[in-house]
Amino acid sequence: QVQLAESGGGLMQAGGSLRLSCVVSRHLFNINAMGWYRQAPGKQRELVATITSSGSTNYADSVEGRATISRDNAKIAVYLQLNSLKPEDTAVYYCNVDQTPPFPDYWGQGTQVTVSS
């Protein structure tokens, strides 16, 4: 069974930075992209950033210029650096692995990030 282990969440101050990590428990051979999504209370889950196997990145407008996503293919890990934190960054952050169909996608259990003003 594949597990995604997320870490790095917690209580942060506005203006600060965070680094989230996600490590996949075993090799997957059909990964298209890895990424981070977030869900704030009362809102739908939304994309934060993704990175493809070739290294192409995509960022939500809300974090563009503040976020950097990176991956370590050898460790099967993905990271999110988010700077200049804002209270509106408060959410549960989920790691995602997107695979080529028909192979399944995987989600982490989520890590809470709370940004205080």
# chains A, B, ... in the order shown; residues from 1 in each chain; ligands from 1
call {"tool": "residues_around", "arguments": {"residues": "range 67-80 of chain A", "least_positions_apart": "4", "cutoff": "6 Å", "atoms": "only C-alpha atoms", "output": "short mmCIF file (atom, residue, chain, number, x, y, z; two decimals) with all heavy atoms, in the first residue's frame"}}
result
data_model
loop_
_atom_site.label_atom_id
_atom_site.label_comp_id
_atom_site.auth_asym_id
_atom_site.auth_seq_id
_atom_site.Cartn_x
_atom_site.Cartn_y
_atom_site.Cartn_z
N ARG A 19 8.09 25.20 5.20
CA ARG A 19 8.55 24.20 4.24
C ARG A 19 7.83 22.90 4.54
O ARG A 19 8.01 22.32 5.62
CB ARG A 19 10.06 24.01 4.31
CG ARG A 19 10.60 22.96 3.35
CD ARG A 19 12.11 22.89 3.41
NE ARG A 19 12.69 21.76 2.72
CZ ARG A 19 12.94 21.70 1.41
NH1 ARG A 19 12.64 22.74 0.65
NH2 ARG A 19 13.49 20.64 0.88
N LEU A 20 7.04 22.47 3.60
CA LEU A 20 6.33 21.21 3.73
C LEU A 20 7.08 20.13 2.96
O LEU A 20 7.63 20.38 1.89
CB LEU A 20 4.91 21.33 3.18
CG LEU A 20 4.02 22.40 3.83
CD1 LEU A 20 2.65 22.39 3.16
CD2 LEU A 20 3.88 22.17 5.32
N SER A 21 7.06 18.94 3.52
CA SER A 21 7.70 17.79 2.89
C SER A 21 6.68 16.66 2.75
O SER A 21 5.80 16.50 3.60
CB SER A 21 8.88 17.30 3.72
OG SER A 21 9.86 18.30 3.86
N CYS A 22 6.84 15.90 1.68
CA CYS A 22 5.99 14.73 1.46
C CYS A 22 6.86 13.64 0.86
O CYS A 22 7.48 13.84 -0.18
CB CYS A 22 4.85 15.08 0.52
SG CYS A 22 3.84 13.68 -0.01
N VAL A 23 6.89 12.50 1.53
CA VAL A 23 7.67 11.38 1.06
C VAL A 23 6.74 10.21 0.77
O VAL A 23 5.90 9.85 1.61
CB VAL A 23 8.73 10.96 2.10
CG1 VAL A 23 9.54 9.77 1.59
CG2 VAL A 23 9.65 12.13 2.42
N VAL A 24 6.91 9.63 -0.38
CA VAL A 24 6.09 8.48 -0.80
C VAL A 24 6.76 7.20 -0.32
O VAL A 24 7.99 7.07 -0.38
CB VAL A 24 5.92 8.46 -2.32
CG1 VAL A 24 5.01 7.32 -2.75
CG2 VAL A 24 5.36 9.80 -2.81
N VAL A 63 -0.34 32.12 -4.69
CA VAL A 63 0.99 31.87 -4.11
C VAL A 63 2.11 32.19 -5.08
O VAL A 63 3.28 32.07 -4.72
CB VAL A 63 1.12 30.41 -3.63
CG1 VAL A 63 0.04 30.10 -2.59
CG2 VAL A 63 1.09 29.43 -4.78
#
call {"tool": "residues_around", "arguments": {"residues": "Thr111 in chain A", "least_positions_apart": "4", "cutoff": "7 Å", "atoms": "only C-alpha atoms", "output": "ChimeraX atom specification"}}
result
/A:6-7,9,92-94
call {"tool": "residues_around", "arguments": {"residues": "Gln39 in chain A", "least_positions_apart": "3", "cutoff": "7 Å", "atoms": "only C-alpha atoms", "output": "ChimeraX atom specification"}}
result
/A:43-46,91-93
call {"tool": "closest_residue", "arguments": {"among": "A:Thr52, A:Ser62, A:Gln81, A:Thr90", "to": "Thr114 in chain A", "atoms": "only C-alpha atoms"}}
result
A:Thr90
call {"tool": "residues_around", "arguments": {"residues": "Ser25 in chain A", "least_positions_apart": "5", "cutoff": "9 Å", "atoms": "only C-alpha atoms", "output": "PyMOL selection string"}}
result
chain A and resi 1-5+76
call {"tool": "closest_residue", "arguments": {"among": "A:Val48, A:Leu18, A:Met34, A:Ala60", "to": "Val115 in chain A", "atoms": "only C-alpha atoms"}}
result
A:Leu18
call {"tool": "residues_around", "arguments": {"residues": "Gln13 in chain A", "least_positions_apart": "6", "cutoff": "12 Å", "atoms": "only C-alpha atoms", "output": "PyMOL selection string"}}
result
chain A and resi 83-90+113-117
call {"tool": "residues_around", "arguments": {"residues": "Ala49 in chain A", "least_positions_apart": "2", "cutoff": "8 Å", "atoms": "only C-alpha atoms", "output": "ChimeraX atom specification"}}
result
/A:35-37,47,51,57-60,67,69
call {"tool": "write_last_selection", "arguments": {"atoms": "all heavy atoms", "output": "mmCIF file, in the first residue's frame"}}
result
data_model
loop_
_atom_site.group_PDB
_atom_site.id
_atom_site.type_symbol
_atom_site.label_atom_id
_atom_site.label_comp_id
_atom_site.auth_asym_id
_atom_site.auth_seq_id
_atom_site.Cartn_x
_atom_site.Cartn_y
_atom_site.Cartn_z
ATOM 1 N N GLY A 35 2.295 17.187 -6.289
ATOM 2 C CA GLY A 35 1.879 18.544 -5.986
ATOM 3 C C GLY A 35 1.313 18.707 -4.604
ATOM 4 O O GLY A 35 1.233 17.767 -3.815
ATOM 5 N N TRP A 36 0.934 19.936 -4.342
ATOM 6 C CA TRP A 36 0.323 20.327 -3.078
ATOM 7 C C TRP A 36 -1.011 21.014 -3.350
ATOM 8 O O TRP A 36 -1.109 21.863 -4.255
ATOM 9 C CB TRP A 36 1.242 21.268 -2.297
ATOM 10 C CG TRP A 36 2.462 20.603 -1.787
ATOM 11 C CD1 TRP A 36 3.679 20.530 -2.399
ATOM 12 C CD2 TRP A 36 2.590 19.873 -0.564
ATOM 13 N NE1 TRP A 36 4.558 19.804 -1.639
ATOM 14 C CE2 TRP A 36 3.913 19.396 -0.495
ATOM 15 C CE3 TRP A 36 1.724 19.584 0.493
ATOM 16 C CZ2 TRP A 36 4.391 18.645 0.594
ATOM 17 C CZ3 TRP A 36 2.195 18.854 1.567
ATOM 18 C CH2 TRP A 36 3.504 18.385 1.609
ATOM 19 N N TYR A 37 -1.983 20.633 -2.559
ATOM 20 C CA TYR A 37 -3.291 21.258 -2.592
ATOM 21 C C TYR A 37 -3.612 21.693 -1.168
ATOM 22 O O TYR A 37 -2.968 21.243 -0.219
ATOM 23 C CB TYR A 37 -4.351 20.265 -3.082
ATOM 24 C CG TYR A 37 -4.198 19.911 -4.544
ATOM 25 C CD1 TYR A 37 -3.151 19.084 -4.974
ATOM 26 C CD2 TYR A 37 -5.084 20.382 -5.498
ATOM 27 C CE1 TYR A 37 -3.000 18.767 -6.314
ATOM 28 C CE2 TYR A 37 -4.950 20.066 -6.843
ATOM 29 C CZ TYR A 37 -3.906 19.258 -7.238
ATOM 30 O OH TYR A 37 -3.754 18.941 -8.565
ATOM 31 N N LEU A 47 -5.736 23.821 -5.791
ATOM 32 C CA LEU A 47 -4.342 23.586 -6.143
ATOM 33 C C LEU A 47 -3.468 24.696 -5.563
ATOM 34 O O LEU A 47 -3.835 25.869 -5.597
ATOM 35 C CB LEU A 47 -4.201 23.545 -7.662
ATOM 36 C CG LEU A 47 -2.805 23.364 -8.247
ATOM 37 C CD1 LEU A 47 -2.889 22.549 -9.540
ATOM 38 C CD2 LEU A 47 -2.142 24.695 -8.534
ATOM 39 N N ILE A 51 4.421 19.929 -9.778
ATOM 40 C CA ILE A 51 5.680 19.801 -10.512
ATOM 41 C C ILE A 51 5.650 18.474 -11.252
ATOM 42 O O ILE A 51 5.329 17.434 -10.662
ATOM 43 C CB ILE A 51 6.896 19.912 -9.565
ATOM 44 C CG1 ILE A 51 8.199 19.846 -10.357
ATOM 45 C CG2 ILE A 51 6.848 18.879 -8.447
ATOM 46 C CD1 ILE A 51 9.420 20.263 -9.535
ATOM 47 N N THR A 57 6.772 23.417 -13.525
ATOM 48 C CA THR A 57 5.999 23.789 -12.343
ATOM 49 C C THR A 57 4.783 24.634 -12.705
ATOM 50 O O THR A 57 4.752 25.294 -13.744
ATOM 51 C CB THR A 57 6.866 24.574 -11.344
ATOM 52 O OG1 THR A 57 7.393 25.738 -12.000
ATOM 53 C CG2 THR A 57 8.010 23.723 -10.832
ATOM 54 N N ASN A 58 3.813 24.585 -11.821
ATOM 55 C CA ASN A 58 2.595 25.370 -11.981
ATOM 56 C C ASN A 58 2.181 25.836 -10.595
ATOM 57 O O ASN A 58 2.188 25.044 -9.642
ATOM 58 C CB ASN A 58 1.490 24.503 -12.595
ATOM 59 C CG ASN A 58 0.199 25.278 -12.777
ATOM 60 O OD1 ASN A 58 0.193 26.395 -13.270
ATOM 61 N ND2 ASN A 58 -0.910 24.684 -12.372
ATOM 62 N N TYR A 59 1.824 27.111 -10.482
ATOM 63 C CA TYR A 59 1.458 27.689 -9.198
ATOM 64 C C TYR A 59 0.101 28.372 -9.274
ATOM 65 O O TYR A 59 -0.251 28.970 -10.288
ATOM 66 C CB TYR A 59 2.494 28.730 -8.755
ATOM 67 C CG TYR A 59 3.863 28.171 -8.510
ATOM 68 C CD1 TYR A 59 4.846 28.210 -9.491
ATOM 69 C CD2 TYR A 59 4.181 27.600 -7.279
ATOM 70 C CE1 TYR A 59 6.117 27.687 -9.267
ATOM 71 C CE2 TYR A 59 5.444 27.087 -7.039
ATOM 72 C CZ TYR A 59 6.413 27.131 -8.036
ATOM 73 O OH TYR A 59 7.662 26.612 -7.805
ATOM 74 N N ALA A 60 -0.612 28.302 -8.173
ATOM 75 C CA ALA A 60 -1.834 29.083 -8.067
ATOM 76 C C ALA A 60 -1.480 30.565 -8.024
ATOM 77 O O ALA A 60 -0.421 30.950 -7.514
ATOM 78 C CB ALA A 60 -2.592 28.697 -6.803
ATOM 79 N N ALA A 67 5.875 30.999 -3.528
ATOM 80 C CA ALA A 67 6.016 29.561 -3.350
ATOM 81 C C ALA A 67 7.056 28.989 -4.295
ATOM 82 O O ALA A 67 7.233 29.472 -5.422
ATOM 83 C CB ALA A 67 4.673 28.865 -3.590
ATOM 84 N N ILE A 69 8.029 24.978 -5.428
ATOM 85 C CA ILE A 69 7.844 23.535 -5.300
ATOM 86 C C ILE A 69 9.053 22.845 -5.895
ATOM 87 O O ILE A 69 9.606 23.281 -6.910
ATOM 88 C CB ILE A 69 6.534 23.073 -5.976
ATOM 89 C CG1 ILE A 69 6.248 21.612 -5.644
ATOM 90 C CG2 ILE A 69 6.546 23.319 -7.471
ATOM 91 C CD1 ILE A 69 4.854 21.146 -6.053
#
